[in-house]
Amino acid sequence: MTFKKLFVSVCILTILFNVPVSAHTASSSTNNKETLIEYNLLTGTQTAIEYEIDYSLTSSAEFLNPIKPCSIIGDDEREPLDNALYPPFSCIGYFQTIKNGRPYHGTGVLVSDKLVLTAGHNFISDRGEAEASSITFTAGLNYDGSNKGVANATKYFIPEEWVNDRNKAYDWALFELDKSLGNVAGYVELKIEPLLINDYIEIYGYPRDSKELSGNTKYPNQIAGYGQIMRETDLRIYYDADTEEGMSGAPIMRPNGNSTVCIGIHTNGNDEYPGYNSGVKINHAMLAYIRNAN
């Protein structure tokens with residue numbers, strides 16, 4: 001496939017010209033605590049939970065054993081996938097939320113047996129919309145309705161910096177499912193690692209126009225967007241991969257040897273820097289919560 005050929009070329013160039021230039025050097029942090037707000041969908045209660053952050057932890061693979069490998073086997077353009085039933089696409093899902101009686105949809109990615117990572121604004125928007133009252137997640141949804149499983153969320157967690165201040169650097173959320181979909185669909189490895197300008201990435205999600213891109217099918221279909229890293233800050237990443245509304249929470253995937261890892265989640269279109277889309281990088285708070293929850 002196109003991406004495989006391109007990835008092999010990138011590997012050869014990397015070996016021949018092994019002089020990486022970091023996109024950004026993150027400053028060290030002295031804050032070793034992070035507070036997430038838990039929203040329990042069964043009881044309707046909210047609880048602030050503080051987590052200890054271990055800055056030596058850089059990958060979810062250090063405490064989780066991925067059930068299925070995430071091999072790069074898909075399209076490398078913003079095109080509909082032929083089949084989302086195999087990893088890493090099966091780990092990615094379409095979800096619907098209900099806010100103030102109205103349905104909304106977004107993209108999420110399984111990061112453990114029952115946990116899904118997505119964008120915080122899918123549940124508490126920056127436009128003052130109501131909080132989510134229900135969440136239904138379908139893993140690996142295809143245009144024909146086939147999928148790797150459906151589950152409902154029992155609770156979700158959002159950093160207080162998003163809840164209180166709508167700080168884009170903290171626009172992420174985790175939600176817990178009532179079924180173990182990860183043991184069927186698999187889950188991705190989250191990775192904190194140095195990034196390079198022009199690194200190749202792929203973003204997979206369920207944009208609002210996915211049915212049209214797939215030929216006006218009955219069901220939404222997973223779409224692949226492909227591009228490069230253009231700039232970086234401590235907590236956010238900017239790229240030229242095509243995205244559309246509905247892909248908020250889609251994983252930003254990067255080649256890593258013979259597999260692929262998730263280095264961030266897509267959150268914003270062309271706003272902060274014209275011509276770039278952007279997302280939140282995988283961070284230590286995400287890893288801390290996932291490790292404590294498993």
# chains A, B, ... in the order shown; residues from 1 in each chain; ligands from 1
$ closest_atom_pairs --of "segment 51-157 of chain A" --to "segment 170-184 of chain A" --cutoff "9 Å" --atoms "only C-alpha atoms" --output "tab-separated table"
residue	atom	partner	partner_atom	distance
A:Pro66	CA	A:Gly182	CA	9.0
A:Ile67	CA	A:Asn183	CA	6.3
A:Lys68	CA	A:Asn183	CA	8.4
A:Ser90	CA	A:Val184	CA	8.8
A:Cys91	CA	A:Gly182	CA	7.4
A:Gly108	CA	A:Leu174	CA	9.0
A:Leu110	CA	A:Gly182	CA	6.5
A:Val111	CA	A:Gly182	CA	7.8
A:Ser112	CA	A:Gly182	CA	5.9
A:Asp113	CA	A:Gly182	CA	3.9
A:Lys114	CA	A:Ser180	CA	5.1
A:Leu115	CA	A:Glu176	CA	4.7
A:Val116	CA	A:Phe175	CA	5.3
A:Leu117	CA	A:Leu174	CA	4.6
A:Thr118	CA	A:Ala173	CA	5.3
A:Ala119	CA	A:Trp172	CA	4.1
A:Gly120	CA	A:Trp172	CA	4.1
A:His121	CA	A:Asp171	CA	6.4
A:Asn122	CA	A:Ala173	CA	8.4
A:Phe123	CA	A:Ala173	CA	8.3
A:Ile135	CA	A:Phe175	CA	8.7
A:Thr136	CA	A:Leu177	CA	8.7
A:Phe137	CA	A:Leu177	CA	8.2
A:Ala139	CA	A:Leu181	CA	7.6
A:Lys148	CA	A:Val184	CA	6.7
A:Gly149	CA	A:Leu181	CA	6.4
A:Val150	CA	A:Leu181	CA	7.7
A:Ala151	CA	A:Lys179	CA	5.8
A:Asn152	CA	A:Leu177	CA	5.5
A:Ala153	CA	A:Leu177	CA	4.3
A:Thr154	CA	A:Glu176	CA	5.9
A:Lys155	CA	A:Glu176	CA	5.6
A:Tyr156	CA	A:Phe175	CA	4.0
A:Phe157	CA	A:Leu174	CA	5.2
$ select_by_dssp --residues "segment 52-197 of chain A" --states "alpha helix (DSSP H)" --output "list in words"
Glu160, Glu161, Trp162, Val163, Asn164, Asp165, Gly182, Asn183, Val184 and Ala185 of chain A
$ select_by_dssp --residues "segment 88-249 of chain A" --states "strand (DSSP E or B)" --output "count of residues only"
68
$ residues_around --residues "Tyr143 of chain A" --least-positions-apart "5" --cutoff "6 Å" --atoms "only C-alpha atoms" --output "list of chain:residue names"
A:Thr217, A:Tyr219, A:Pro220, A:Asn221
$ atom_distance --atom1 "atom CA of Tyr206 of chain A" --atom2 "atom CA of Asp242 of chain A"
12.3 Å
$ residues_around --residues "Pro207 of chain A" --least-positions-apart "4" --cutoff "7 Å" --atoms "only C-alpha atoms" --output "ChimeraX atom specification"
/A:244-247
$ write_last_selection --atoms "C-alpha atoms" --output "PDB file, in the first residue's frame"
ATOM      1  CA  GLU A 244     -13.541  17.145   9.517  1.00  0.00           C
ATOM      2  CA  GLU A 245     -16.105  17.695  12.265  1.00  0.00           C
ATOM      3  CA  GLY A 246     -16.832  14.388  13.988  1.00  0.00           C
ATOM      4  CA  MET A 247     -13.171  13.351  14.086  1.00  0.00           C
TER       5      MET A 247
END
$ closest_residue --among "A:Lys168, A:Arg208, A:Lys218, A:Arg254" --to "Val188 of chain A" --atoms "only C-alpha atoms"
A:Arg254
$ atom_distance --atom1 "atom CA of Gly275 of chain A" --atom2 "atom CA of Val163 of chain A"
27.6 Å
$ closest_residue --among "A:Tyr200, A:Trp162, A:Phe89, A:Tyr276" --to "Gly186 of chain A" --atoms "only C-alpha atoms"
A:Phe89
$ closest_residue --among "A:Ile98, A:Ile92, A:Ala169, A:Ile192" --to "Thr267 of chain A" --atoms "only C-alpha atoms"
A:Ala169
$ closest_residue --among "A:Thr97, A:Ser248, A:Asn258, A:Ser278" --to "Gln228 of chain A" --atoms "only C-alpha atoms"
A:Ser278
$ decode --residues "segment 153-183 of chain A" --atoms "N, CA, C and O atoms" --output "compact mmCIF listing (two decimals), in the first residue's frame"
# COMPACT_ATOMS: atom_id res chain seq x y z
N ALA A 153 -21.08 3.70 28.09
CA ALA A 153 -20.17 4.21 29.11
C ALA A 153 -20.87 4.33 30.45
O ALA A 153 -22.06 4.65 30.52
N THR A 154 -20.13 4.03 31.51
CA THR A 154 -20.67 4.18 32.87
C THR A 154 -20.21 5.48 33.53
O THR A 154 -20.86 5.99 34.42
N LYS A 155 -19.06 5.99 33.09
CA LYS A 155 -18.51 7.23 33.65
C LYS A 155 -17.47 7.79 32.68
O LYS A 155 -16.96 7.08 31.81
N TYR A 156 -17.19 9.08 32.81
CA TYR A 156 -16.12 9.68 32.03
C TYR A 156 -15.34 10.65 32.88
O TYR A 156 -15.82 11.13 33.92
N PHE A 157 -14.10 10.93 32.47
CA PHE A 157 -13.15 11.71 33.26
C PHE A 157 -12.54 12.80 32.38
O PHE A 157 -12.10 12.53 31.26
N ILE A 158 -12.52 14.03 32.88
CA ILE A 158 -11.99 15.17 32.13
C ILE A 158 -11.10 15.99 33.06
O ILE A 158 -11.46 16.23 34.21
N PRO A 159 -9.93 16.46 32.59
CA PRO A 159 -9.08 17.31 33.43
C PRO A 159 -9.82 18.57 33.87
O PRO A 159 -10.58 19.16 33.10
N GLU A 160 -9.57 18.99 35.10
CA GLU A 160 -10.25 20.16 35.62
C GLU A 160 -9.89 21.42 34.83
O GLU A 160 -10.67 22.38 34.80
N GLU A 161 -8.71 21.44 34.19
CA GLU A 161 -8.32 22.61 33.39
C GLU A 161 -9.25 22.81 32.19
O GLU A 161 -9.44 23.94 31.73
N TRP A 162 -9.82 21.72 31.67
CA TRP A 162 -10.80 21.86 30.61
C TRP A 162 -12.17 22.21 31.18
O TRP A 162 -12.88 23.09 30.68
N VAL A 163 -12.55 21.53 32.25
CA VAL A 163 -13.85 21.76 32.85
C VAL A 163 -14.00 23.21 33.32
O VAL A 163 -15.03 23.86 33.08
N ASN A 164 -12.96 23.74 33.96
CA ASN A 164 -13.05 25.07 34.56
C ASN A 164 -12.65 26.20 33.61
O ASN A 164 -13.24 27.29 33.64
N ASP A 165 -11.63 25.95 32.77
CA ASP A 165 -11.05 27.03 31.97
C ASP A 165 -11.13 26.84 30.46
O ASP A 165 -10.76 27.74 29.72
N ARG A 166 -11.58 25.66 30.00
CA ARG A 166 -11.60 25.32 28.57
C ARG A 166 -10.21 25.53 27.96
O ARG A 166 -10.06 26.05 26.85
N ASN A 167 -9.19 25.11 28.69
CA ASN A 167 -7.81 25.19 28.22
C ASN A 167 -7.59 24.11 27.17
O ASN A 167 -7.68 22.91 27.45
N LYS A 168 -7.25 24.51 25.93
CA LYS A 168 -7.13 23.55 24.83
C LYS A 168 -6.05 22.50 25.06
O LYS A 168 -6.10 21.42 24.48
N ALA A 169 -5.06 22.83 25.88
CA ALA A 169 -4.00 21.87 26.15
C ALA A 169 -4.51 20.67 26.96
O ALA A 169 -3.84 19.65 27.05
N TYR A 170 -5.71 20.81 27.55
CA TYR A 170 -6.29 19.75 28.38
C TYR A 170 -7.62 19.26 27.82
O TYR A 170 -8.44 18.72 28.54
N ASP A 171 -7.80 19.44 26.52
CA ASP A 171 -9.05 19.03 25.87
C ASP A 171 -9.02 17.54 25.56
O ASP A 171 -8.96 17.12 24.41
N TRP A 172 -9.07 16.73 26.60
CA TRP A 172 -9.11 15.27 26.43
C TRP A 172 -9.98 14.66 27.51
O TRP A 172 -10.28 15.28 28.52
N ALA A 173 -10.41 13.44 27.26
CA ALA A 173 -11.26 12.74 28.22
C ALA A 173 -11.07 11.24 28.06
O ALA A 173 -10.66 10.75 26.99
N LEU A 174 -11.35 10.52 29.11
CA LEU A 174 -11.39 9.06 29.10
C LEU A 174 -12.77 8.62 29.55
O LEU A 174 -13.35 9.23 30.46
N PHE A 175 -13.33 7.61 28.91
CA PHE A 175 -14.58 7.07 29.43
C PHE A 175 -14.50 5.56 29.57
O PHE A 175 -13.78 4.89 28.83
N GLU A 176 -15.20 5.07 30.57
CA GLU A 176 -15.16 3.65 30.94
C GLU A 176 -16.40 2.95 30.43
O GLU A 176 -17.53 3.42 30.63
N LEU A 177 -16.22 1.79 29.79
CA LEU A 177 -17.31 1.04 29.19
C LEU A 177 -17.87 -0.01 30.15
O LEU A 177 -17.18 -0.45 31.08
N ASP A 178 -19.09 -0.42 29.87
CA ASP A 178 -19.71 -1.47 30.69
C ASP A 178 -19.41 -2.87 30.17
O ASP A 178 -19.87 -3.86 30.72
N LYS A 179 -18.64 -2.95 29.07
CA LYS A 179 -18.22 -4.23 28.52
C LYS A 179 -16.74 -4.18 28.18
O LYS A 179 -16.19 -3.12 27.91
N SER A 180 -16.12 -5.36 28.15
CA SER A 180 -14.69 -5.44 27.81
C SER A 180 -14.52 -5.58 26.30
O SER A 180 -14.37 -6.68 25.78
N LEU A 181 -14.55 -4.45 25.60
CA LEU A 181 -14.38 -4.49 24.15
C LEU A 181 -12.92 -4.63 23.74
O LEU A 181 -12.63 -5.12 22.65
N GLY A 182 -12.00 -4.22 24.61
CA GLY A 182 -10.59 -4.28 24.27
C GLY A 182 -10.08 -5.69 24.03
O GLY A 182 -9.13 -5.89 23.26
N ASN A 183 -10.71 -6.68 24.68
CA ASN A 183 -10.24 -8.05 24.49
C ASN A 183 -10.73 -8.64 23.17
O ASN A 183 -10.34 -9.74 22.79
